[in-house]
file entry_35.txt (compact mmCIF, C-alpha atoms)
# COMPACT_ATOMS: atom_id res chain seq x y z
CA MET A 24 -75.28 29.63 65.72
CA ASP A 25 -78.83 28.65 64.85
CA GLU A 26 -79.80 26.31 62.03
CA LYS A 27 -80.77 29.18 59.79
CA SER A 28 -77.44 30.89 60.37
CA GLY A 29 -75.62 27.63 59.79
CA ASP A 30 -77.31 27.22 56.45
CA ARG A 31 -76.31 30.73 55.49
CA SER A 32 -72.71 30.06 56.53
CA THR A 33 -72.58 26.86 54.51
CA VAL A 34 -73.79 28.61 51.37
CA HIS A 35 -71.25 31.38 51.91
CA ASP A 36 -68.35 28.93 52.17
CA VAL A 37 -69.22 27.01 49.02
CA GLY A 38 -67.94 28.92 46.01
CA ARG A 39 -66.03 28.49 42.82
CA ALA A 40 -62.80 26.57 43.29
CA PRO A 41 -59.68 28.67 42.70
CA ALA A 42 -58.41 28.42 39.12
CA LEU A 43 -55.63 25.94 38.60
CA ASN A 44 -52.35 27.25 37.27
CA ILE A 45 -49.15 25.83 35.85
CA GLN A 46 -47.50 25.71 39.29
CA ASP A 47 -50.33 23.49 40.58
CA VAL A 48 -49.72 21.07 37.71
CA ALA A 49 -45.96 21.14 38.30
CA ASP A 50 -46.36 20.39 42.02
CA ALA A 51 -48.74 17.50 41.36
CA ALA A 52 -46.52 16.03 38.65
CA GLY A 53 -43.28 16.51 40.58
CA VAL A 54 -41.67 18.55 37.79
CA SER A 55 -40.68 22.19 37.34
CA LYS A 56 -43.02 24.92 36.17
CA THR A 57 -40.74 25.37 33.16
CA THR A 58 -41.22 21.73 32.16
CA VAL A 59 -45.01 22.12 32.22
CA SER A 60 -44.67 25.25 30.07
CA HIS A 61 -42.58 23.32 27.54
CA VAL A 62 -45.18 20.54 27.42
CA LEU A 63 -47.93 23.07 26.74
CA SER A 64 -46.05 25.09 24.13
CA GLY A 65 -44.20 22.28 22.37
CA ASN A 66 -41.37 24.74 21.75
CA ARG A 67 -38.75 22.76 23.69
CA PRO A 68 -38.06 19.02 23.75
CA VAL A 69 -39.49 17.07 26.67
CA SER A 70 -39.11 13.31 27.08
CA GLN A 71 -42.19 11.31 26.18
CA VAL A 72 -42.33 9.81 29.68
CA THR A 73 -42.40 13.27 31.28
CA ARG A 74 -44.85 14.59 28.70
CA ASP A 75 -47.24 11.69 29.37
CA LYS A 76 -46.93 12.20 33.14
CA VAL A 77 -47.72 15.93 32.88
CA GLN A 78 -50.61 15.30 30.53
CA ALA A 79 -52.06 12.67 32.88
CA VAL A 80 -51.92 15.12 35.79
CA MET A 81 -53.58 17.86 33.73
CA ASP A 82 -56.34 15.45 32.74
CA GLU A 83 -56.81 14.34 36.36
CA LEU A 84 -56.94 17.90 37.68
CA GLY A 85 -59.09 19.14 34.80
CA PHE A 86 -56.49 21.79 34.01
CA ARG A 87 -57.06 23.96 30.94
CA PRO A 88 -54.27 26.35 29.95
CA ASN A 89 -55.07 30.06 29.70
CA PHE A 90 -55.43 30.74 25.99
CA PHE A 91 -54.41 34.38 26.12
CA ALA A 92 -51.43 33.74 28.36
CA GLN A 93 -50.19 31.07 25.96
CA ALA A 94 -50.61 33.41 23.00
CA LEU A 95 -48.71 36.14 24.82
CA ASN A 96 -45.83 33.85 25.74
CA SER A 97 -45.51 32.06 22.40
CA LYS A 98 -46.51 35.01 20.20
CA LYS A 99 -48.82 32.53 18.43
CA SER A 100 -52.57 32.43 18.96
CA HIS A 101 -53.19 29.34 16.80
CA THR A 102 -56.15 31.27 15.42
CA VAL A 103 -56.88 32.71 11.99
CA ALA A 104 -59.72 34.98 10.98
CA LEU A 105 -61.92 34.76 7.88
CA ILE A 106 -63.85 37.80 6.67
CA VAL A 107 -66.57 37.01 4.12
CA GLN A 108 -69.13 39.11 2.29
CA ASP A 109 -72.32 37.29 3.29
CA ILE A 110 -72.41 34.19 5.47
CA THR A 111 -75.95 33.40 4.28
CA ASN A 112 -74.57 32.79 0.78
CA PRO A 113 -73.77 29.04 0.66
CA PHE A 114 -70.54 29.76 -1.24
CA TYR A 115 -68.85 31.13 1.88
CA PRO A 116 -69.52 28.26 4.33
CA ALA A 117 -68.01 25.95 1.70
CA LEU A 118 -64.99 28.24 1.45
CA ALA A 119 -64.70 28.24 5.25
CA ARG A 120 -64.77 24.44 5.30
CA GLY A 121 -61.89 24.31 2.84
CA LEU A 122 -59.91 26.80 4.89
CA GLN A 123 -60.52 24.85 8.11
CA ALA A 124 -59.39 21.61 6.45
CA ALA A 125 -56.14 23.23 5.35
CA ILE A 126 -55.19 24.74 8.70
CA ALA A 127 -56.47 21.99 11.04
CA PRO A 128 -53.23 19.92 10.90
CA MET A 129 -51.42 22.92 12.43
CA ASN A 130 -53.98 23.09 15.28
CA GLN A 131 -55.37 26.37 13.99
CA VAL A 132 -59.01 27.37 14.40
CA VAL A 133 -61.08 29.88 12.42
CA MET A 134 -62.81 33.03 13.63
CA LEU A 135 -65.54 33.89 11.10
CA PHE A 136 -66.90 37.38 10.45
CA ASP A 137 -69.72 38.46 8.13
CA ALA A 138 -68.86 41.77 6.46
CA GLY A 139 -72.51 42.22 5.56
CA ALA A 140 -72.94 43.49 9.13
CA GLY A 141 -71.59 46.85 7.97
CA HIS A 142 -68.25 48.57 7.45
CA SER A 143 -68.06 50.04 10.95
CA LEU A 144 -68.32 46.53 12.40
CA VAL A 145 -65.69 45.29 9.95
CA ARG A 146 -63.32 47.90 11.35
CA ALA A 147 -64.19 46.87 14.90
CA PHE A 148 -63.55 43.22 14.05
CA VAL A 149 -60.18 44.02 12.48
CA ASN A 150 -59.19 45.96 15.61
CA ASP A 151 -60.21 42.98 17.73
CA VAL A 152 -58.22 40.62 15.50
CA ILE A 153 -55.13 42.79 15.97
CA GLN A 154 -55.60 42.92 19.75
CA ARG A 155 -55.97 39.15 19.87
CA GLN A 156 -52.76 38.79 17.83
CA VAL A 157 -54.26 36.23 15.48
CA ASP A 158 -51.73 34.45 13.31
CA GLY A 159 -53.36 35.33 10.00
CA VAL A 160 -56.42 36.62 8.18
CA VAL A 161 -58.16 35.48 4.98
CA VAL A 162 -60.04 38.37 3.39
CA ALA A 163 -62.86 37.31 1.05
CA VAL A 164 -64.43 40.75 0.63
CA SER A 165 -63.64 43.91 -1.36
CA ASN A 166 -63.38 47.55 -0.30
CA VAL A 167 -61.37 46.88 2.86
CA GLU A 168 -58.08 48.41 1.73
CA ASP A 169 -57.59 50.52 4.87
CA GLU A 170 -58.24 47.56 7.15
CA LEU A 171 -55.83 45.41 5.17
CA LEU A 172 -53.09 48.01 5.65
CA GLU A 173 -53.77 48.01 9.40
CA LEU A 174 -53.37 44.23 9.50
CA GLN A 175 -50.09 44.43 7.59
CA ARG A 176 -48.76 47.17 9.89
CA ALA A 177 -49.58 44.90 12.83
CA GLY A 178 -47.43 42.17 11.28
CA ILE A 179 -50.35 39.79 10.67
CA ALA A 180 -50.20 37.47 7.66
CA VAL A 181 -52.96 38.20 5.13
CA VAL A 182 -54.29 36.24 2.15
CA ALA A 183 -56.96 37.62 -0.17
CA VAL A 184 -59.67 35.65 -1.95
CA GLY A 185 -60.77 37.11 -5.28
CA SER A 186 -59.11 39.76 -7.40
CA GLY A 187 -60.49 42.77 -5.52
CA LEU A 188 -57.30 43.15 -3.46
CA SER A 189 -54.85 41.83 -6.06
CA GLY A 190 -53.12 45.20 -6.27
CA PHE A 191 -51.71 44.78 -2.76
CA PRO A 192 -48.42 42.99 -2.08
CA ILE A 193 -50.11 39.95 -0.54
CA ASP A 194 -50.80 36.33 -1.44
CA TRP A 195 -54.14 35.78 -3.12
CA VAL A 196 -56.39 33.08 -4.55
CA SER A 197 -58.91 33.70 -7.30
CA ALA A 198 -60.95 32.27 -10.10
CA ASP A 199 -61.02 34.01 -13.49
CA ASP A 200 -64.20 36.05 -13.11
CA GLU A 201 -63.97 37.72 -16.51
CA ARG A 202 -63.46 34.38 -18.21
CA MET A 203 -66.46 32.95 -16.34
CA GLY A 204 -68.69 35.76 -17.60
CA SER A 205 -67.43 35.27 -21.12
CA ASP A 206 -67.79 31.47 -21.06
CA ALA A 207 -71.34 31.63 -19.70
CA THR A 208 -72.44 34.19 -22.30
CA THR A 209 -70.85 32.18 -25.10
CA HIS A 210 -72.61 29.03 -23.88
CA LEU A 211 -75.98 30.79 -24.06
CA HIS A 212 -75.15 31.97 -27.58
CA LEU A 213 -74.25 28.44 -28.64
CA LYS A 214 -77.69 27.37 -27.41
CA GLY A 215 -79.20 29.69 -30.00
CA HIS A 216 -79.80 32.86 -27.99
CA ARG A 217 -79.13 36.31 -29.40
CA ARG A 218 -80.80 38.68 -26.95
CA ILE A 219 -78.85 37.78 -23.81
CA ALA A 220 -79.23 39.79 -20.62
CA THR A 221 -77.16 39.79 -17.45
CA ILE A 222 -77.92 40.30 -13.78
CA SER A 223 -74.63 41.47 -12.31
CA GLY A 224 -73.51 42.00 -8.77
CA PRO A 225 -72.76 45.50 -7.47
CA PRO A 226 -70.63 47.05 -10.23
CA SER A 227 -68.20 48.78 -7.87
CA ALA A 228 -66.59 45.62 -6.48
CA GLU A 229 -65.34 42.18 -7.44
CA PRO A 230 -66.43 39.68 -8.48
CA GLY A 231 -69.24 41.73 -10.02
CA THR A 232 -67.00 43.91 -12.18
CA GLY A 233 -65.05 40.98 -13.60
CA ARG A 234 -68.10 38.88 -14.48
CA LEU A 235 -69.84 41.86 -16.06
CA ALA A 236 -66.71 42.65 -18.08
CA GLY A 237 -66.67 39.06 -19.35
CA TYR A 238 -70.31 39.32 -20.42
CA VAL A 239 -69.69 42.59 -22.30
CA LYS A 240 -66.55 41.18 -23.94
CA ALA A 241 -68.35 38.06 -25.16
CA MET A 242 -71.32 40.04 -26.49
CA THR A 243 -68.94 42.24 -28.47
CA GLU A 244 -66.89 39.33 -29.83
CA LEU A 245 -70.05 37.46 -30.81
CA GLY A 246 -71.38 40.49 -32.66
CA LEU A 247 -74.45 40.73 -30.43
CA GLU A 248 -76.17 43.94 -29.39
CA SER A 249 -74.90 45.10 -26.01
CA ASP A 250 -78.02 47.03 -25.03
CA PRO A 251 -77.74 48.80 -21.63
CA LYS A 252 -81.35 47.76 -21.04
CA LEU A 253 -80.12 44.16 -20.94
CA CYS A 254 -77.89 44.85 -17.92
CA ALA A 255 -79.63 44.69 -14.55
CA VAL A 256 -77.95 44.93 -11.16
CA GLY A 257 -78.55 42.77 -8.10
CA ASP A 258 -76.91 42.49 -4.68
CA TRP A 259 -76.07 38.76 -4.78
CA THR A 260 -79.31 37.75 -3.02
CA ARG A 261 -82.19 35.62 -4.29
CA GLY A 262 -84.67 38.45 -3.88
CA SER A 263 -82.55 40.86 -5.90
CA GLY A 264 -82.32 38.33 -8.72
CA ALA A 265 -86.10 38.07 -8.88
CA ALA A 266 -86.54 41.85 -8.85
CA ALA A 267 -83.93 42.25 -11.59
CA LEU A 268 -85.61 39.72 -13.86
CA TYR A 269 -88.97 41.45 -13.49
CA ARG A 270 -87.28 44.64 -14.71
CA LEU A 271 -85.73 42.83 -17.66
CA LEU A 272 -89.06 41.27 -18.63
CA ASP A 273 -90.76 44.67 -18.51
CA GLN A 274 -89.35 45.64 -21.91
CA GLU A 275 -90.81 45.83 -25.38
CA VAL A 276 -88.37 43.12 -26.47
CA PRO A 277 -87.44 41.02 -23.39
CA PRO A 278 -84.36 38.79 -23.36
CA THR A 279 -84.51 35.11 -24.19
CA ALA A 280 -81.61 34.25 -21.89
CA VAL A 281 -80.06 35.67 -18.71
CA PHE A 282 -76.59 35.20 -17.29
CA CYS A 283 -76.64 35.82 -13.52
CA ALA A 284 -73.41 36.59 -11.70
CA ASN A 285 -74.14 34.08 -8.94
CA ASP A 286 -76.50 31.19 -8.26
CA LEU A 287 -78.62 32.89 -5.61
CA MET A 288 -79.60 35.63 -8.05
CA ALA A 289 -80.15 33.01 -10.76
CA ILE A 290 -82.52 31.08 -8.47
CA GLY A 291 -84.35 34.33 -7.78
CA ALA A 292 -84.61 34.94 -11.52
CA LEU A 293 -85.97 31.42 -11.90
CA ASP A 294 -88.61 32.22 -9.26
CA ALA A 295 -89.65 35.36 -11.15
CA ALA A 296 -89.79 33.61 -14.52
CA LEU A 297 -92.01 30.82 -13.24
CA GLU A 298 -94.25 33.25 -11.35
CA SER A 299 -94.63 35.22 -14.59
CA GLY A 300 -95.94 32.12 -16.35
CA LEU A 301 -92.81 31.57 -18.43
CA SER A 302 -91.30 28.17 -19.09
CA VAL A 303 -87.62 27.63 -18.41
CA PRO A 304 -85.75 27.15 -20.68
CA GLY A 305 -88.51 27.27 -23.33
CA ASP A 306 -89.34 30.97 -22.96
CA ILE A 307 -86.20 32.09 -21.19
CA ALA A 308 -82.93 30.37 -20.29
CA ILE A 309 -81.24 31.16 -16.97
CA MET A 310 -77.65 30.54 -15.95
CA GLY A 311 -75.69 31.22 -12.76
CA VAL A 312 -72.23 31.00 -11.20
CA ASP A 313 -70.89 29.07 -8.17
CA ASP A 314 -72.72 25.70 -8.28
CA ILE A 315 -74.02 25.88 -4.72
CA ASP A 316 -75.92 22.82 -3.49
CA ALA A 317 -79.30 24.43 -4.21
CA ALA A 318 -78.43 24.74 -7.91
CA SER A 319 -79.06 21.03 -8.42
CA LEU A 320 -82.13 20.97 -6.16
CA VAL A 321 -84.34 23.65 -7.72
CA ARG A 322 -86.64 22.76 -10.60
CA PRO A 323 -85.70 23.13 -13.32
CA SER A 324 -82.18 22.48 -12.08
CA LEU A 325 -79.77 25.31 -12.71
CA THR A 326 -77.08 25.39 -15.37
CA THR A 327 -74.12 27.15 -13.82
CA VAL A 328 -70.39 27.79 -13.79
CA ARG A 329 -68.82 25.81 -10.98
CA VAL A 330 -66.41 27.73 -8.78
CA PRO A 331 -64.86 25.21 -6.34
CA ALA A 332 -65.34 27.13 -3.09
CA GLN A 333 -63.74 24.46 -0.89
CA ASP A 334 -60.70 24.33 -3.16
CA ILE A 335 -60.37 28.11 -2.95
CA GLY A 336 -60.61 28.00 0.84
CA HIS A 337 -58.06 25.20 1.04
CA ALA A 338 -55.65 27.06 -1.25
CA ALA A 339 -56.03 30.20 0.86
CA GLY A 340 -55.26 28.16 3.98
CA ASP A 341 -52.14 26.68 2.40
CA LEU A 342 -50.89 30.15 1.44
CA LEU A 343 -51.64 31.48 4.91
CA LEU A 344 -49.78 28.67 6.68
CA HIS A 345 -46.82 29.20 4.37
CA ARG A 346 -46.83 32.91 5.20
CA ILE A 347 -47.13 32.24 8.96
CA THR A 348 -44.34 29.64 9.09
CA GLU A 349 -42.01 31.15 6.45
CA GLU A 350 -41.66 34.62 7.94
CA LYS A 351 -38.63 35.49 5.84
CA SER A 352 -40.46 34.85 2.59
CA THR A 353 -40.93 38.10 0.66
CA SER A 354 -42.27 36.92 -2.70
CA HIS A 355 -46.04 36.83 -3.05
CA ARG A 356 -47.96 34.07 -4.75
CA HIS A 357 -51.19 33.86 -6.73
CA ILE A 358 -53.19 30.67 -7.15
CA LEU A 359 -55.72 30.64 -9.99
CA VAL A 360 -58.48 28.07 -9.41
CA GLN A 361 -60.13 26.69 -12.54
CA HIS A 362 -63.88 26.87 -13.16
CA SER A 363 -66.06 24.49 -15.18
CA LEU A 364 -69.44 24.52 -16.91
CA ILE A 365 -72.21 22.45 -15.29
CA SER A 366 -75.01 21.86 -17.76
CA ARG A 367 -78.48 21.18 -16.31
CA GLU A 368 -82.11 21.90 -17.20
CA SER A 369 -82.41 25.70 -17.10
CA VAL A 370 -80.57 26.29 -20.41
call {"tool": "encode", "arguments": {"input": "entry_35.txt", "output": "C-alpha cells"}}
result
Amino acid sequence: MDEKSGDRSTVHDVGRAPALNIQDVADAAGVSKTTVSHVLSGNRPVSQVTRDKVQAVMDELGFRPNFFAQALNSKKSHTVALIVQDITNPFYPALARGLQAAIAPMNQVVMLFDAGAGHSLVRAFVNDVIQRQVDGVVVAVSNVEDELLELQRAGIAVVAVGSGLSGFPIDWVSADDERMGSDATTHLHLKGHRRIATISGPPSAEPGTGRLAGYVKAMTELGLESDPKLCAVGDWTRGSGAAALYRLLDQEVPPTAVFCANDLMAIGALDAALESGLSVPGDIAIMGVDDIDAASLVRPSLTTVRVPAQDIGHAAGDLLLHRITEEKSTSHRHILVQHSLISRESV
C-alpha cells in the first residue's frame, strides 16, 4: 500500500466512536444494567455507595443517557411547555422566568413557543408536545380551545394563564383584568380628566375584552361620556399604540387622557404624543398596564398598573407541578394575582 493509500485508509478508520449505552456503564462499574437504570431514573432505592460508583463511571466515560428512552421508560419527560402570545413583549419572558423558578426544583425544563407565529404553527407545536409526551403545558394565549382539548385527551396536565380559558375544567391563574381597567380609568378621573380615551387590545380575546369592559364600566359609574370615538384598538405592540393615538388626536375634541391596555401600546402612545408636539402629562396623560422594565425608563416615565408577571408564572408552575404529581386530584383551582397602581410622571 502506498503512502497515499495509507493516508486514505487511516482517514477511513477514524470515525465517530460508538455511542455508549447502559450496559457499557454497568460493565465498567461492575453492577447490573438494572442498577444503572435505577440510578438514572431514581424510581428505585440504590445505596449511596453504589450510586456514587455508577455516577463516577458515567462521568469518566462521558456517558449521557438517552433523553427519549428515559421518557419512554419512566413515562415522564421532565419537560413542560409554555405557549405565549408574543415573546417580544417583555411581560412574557418575565412570566417564563417565574415558571422556570417554580419547576426547577423538580428538574423540569421549559419549552417555549410564540403563538404569534400563527395558528397553524401553534397546532404543529401542540402535536409535537403530545408526541414528546411532555409532563405539562402552561397556556398563556387565547383562542386555542381545540388544541387544549387535544392536550387533555392526551392526558397532559394543562394550566391556563389569564381568563380566556377559564370556562374549561382546568387550573388557571389570572389577574382581574376588568378591575384593572376600572382602576386605571378611575385614577385618571381623580387626576381631573373627563374626556378619557382607551387604546384596547384586540376586542375578541382576553385580556383585551376584560380591560375594555373595566374602562366602560368606570366611565359609566363616573357619569362620563362613553363616546365610541374615544375607543381605539391596538394589537399590543408599540407601533399600534402610536397609530391609535394619532387617530384619537385627529378629532374635533381630542381626549385629555388615555388608558392603554398594556405598556407597549402606552409607550407607543407616548411616542406619538411627543412627536405631535404635546406635553405629557400637561396636554395629555397616558397610562398603561403591566409595569414592564421599560415603563420606568422612558421619559416621562410611565404611570401603569403593575401585573406581577413573575408571580403569575410561578403560580402557574406550582399548579402544574401539583397537577403532574397529584394525578388523582379532580378539583380545579384558580389563583387570582393582585395588581397595584404605580404612579410615575405620565399622569
call {"tool": "closest_residue", "arguments": {"input": "entry_35.txt", "among": "A:Thr58, A:Thr102, A:Ala127, A:Leu43", "to": "A:Phe86", "atoms": "only C-alpha atoms"}}
result
A:Leu43
call {"tool": "residues_around", "arguments": {"input": "entry_35.txt", "residues": "A:Asp109", "least_positions_apart": "2", "cutoff": "7 Å", "atoms": "all atoms listed in the file", "output": "number ranges by chain"}}
result
A: 107, 111-112, 137-139
call {"tool": "residues_around", "arguments": {"input": "entry_35.txt", "residues": "A:Arg322", "least_positions_apart": "3", "cutoff": "10 Å", "atoms": "only C-alpha atoms", "output": "PyMOL selection string"}}
result
chain A and resi 290+293-294+303+317-319+325+368-369
call {"tool": "closest_residue", "arguments": {"input": "entry_35.txt", "among": "A:Ile347, A:Val370, A:Leu271, A:Ala241", "to": "A:Ala255", "atoms": "all atoms listed in the file"}}
result
A:Leu271
call {"tool": "closest_residue", "arguments": {"input": "entry_35.txt", "among": "A:Val196, A:Gly264, A:Arg218, A:Met310", "to": "A:His357", "atoms": "all atoms listed in the file"}}
result
A:Val196
call {"tool": "axis_aligned_box", "arguments": {"input": "entry_35.txt", "around": "stretch 113-118 of chain A", "padding_each_side": "3 Å", "output": "AutoDock Vina command-line options"}}
result
--center_x -69.4 --center_y 28.5 --center_z 1.5 --size_x 14.8 --size_y 11.2 --size_z 11.6
call {"tool": "closest_residue", "arguments": {"input": "entry_35.txt", "among": "A:Ala289, A:Ala49, A:Gly233, A:Leu247", "to": "A:Leu84", "atoms": "only C-alpha atoms"}}
result
A:Ala49
call {"tool": "atom_distance", "arguments": {"input": "entry_35.txt", "atom1": "atom CA of A:Ser249", "atom2": "atom CA of A:Ser299"}}
result
24.8 Å
call {"tool": "atom_distance", "arguments": {"input": "entry_35.txt", "atom1": "atom CA of A:Asp334", "atom2": "atom CA of A:Leu144"}}
result
28.2 Å
call {"tool": "residues_around", "arguments": {"input": "entry_35.txt", "residues": "A:Pro116", "least_positions_apart": "6", "cutoff": "9 Å", "atoms": "only C-alpha atoms", "output": "PDB file with C-alpha atoms, in the frame of the given file"}}
result
ATOM      1  CA  ILE A 110     -72.410  34.190   5.470  1.00  0.00           C
ATOM      2  CA  ALA A 332     -65.340  27.130  -3.090  1.00  0.00           C
ATOM      3  CA  GLN A 333     -63.740  24.460  -0.890  1.00  0.00           C
TER       4      GLN A 333
END
call {"tool": "closest_residue", "arguments": {"input": "entry_35.txt", "among": "A:Val69, A:Ala236, A:Leu320, A:Ala79", "to": "A:Ser205", "atoms": "only C-alpha atoms"}}
result
A:Ala236
call {"tool": "atom_distance", "arguments": {"input": "entry_35.txt", "atom1": "atom CA of A:Ser263", "atom2": "atom CA of A:Glu168"}}
result
26.7 Å
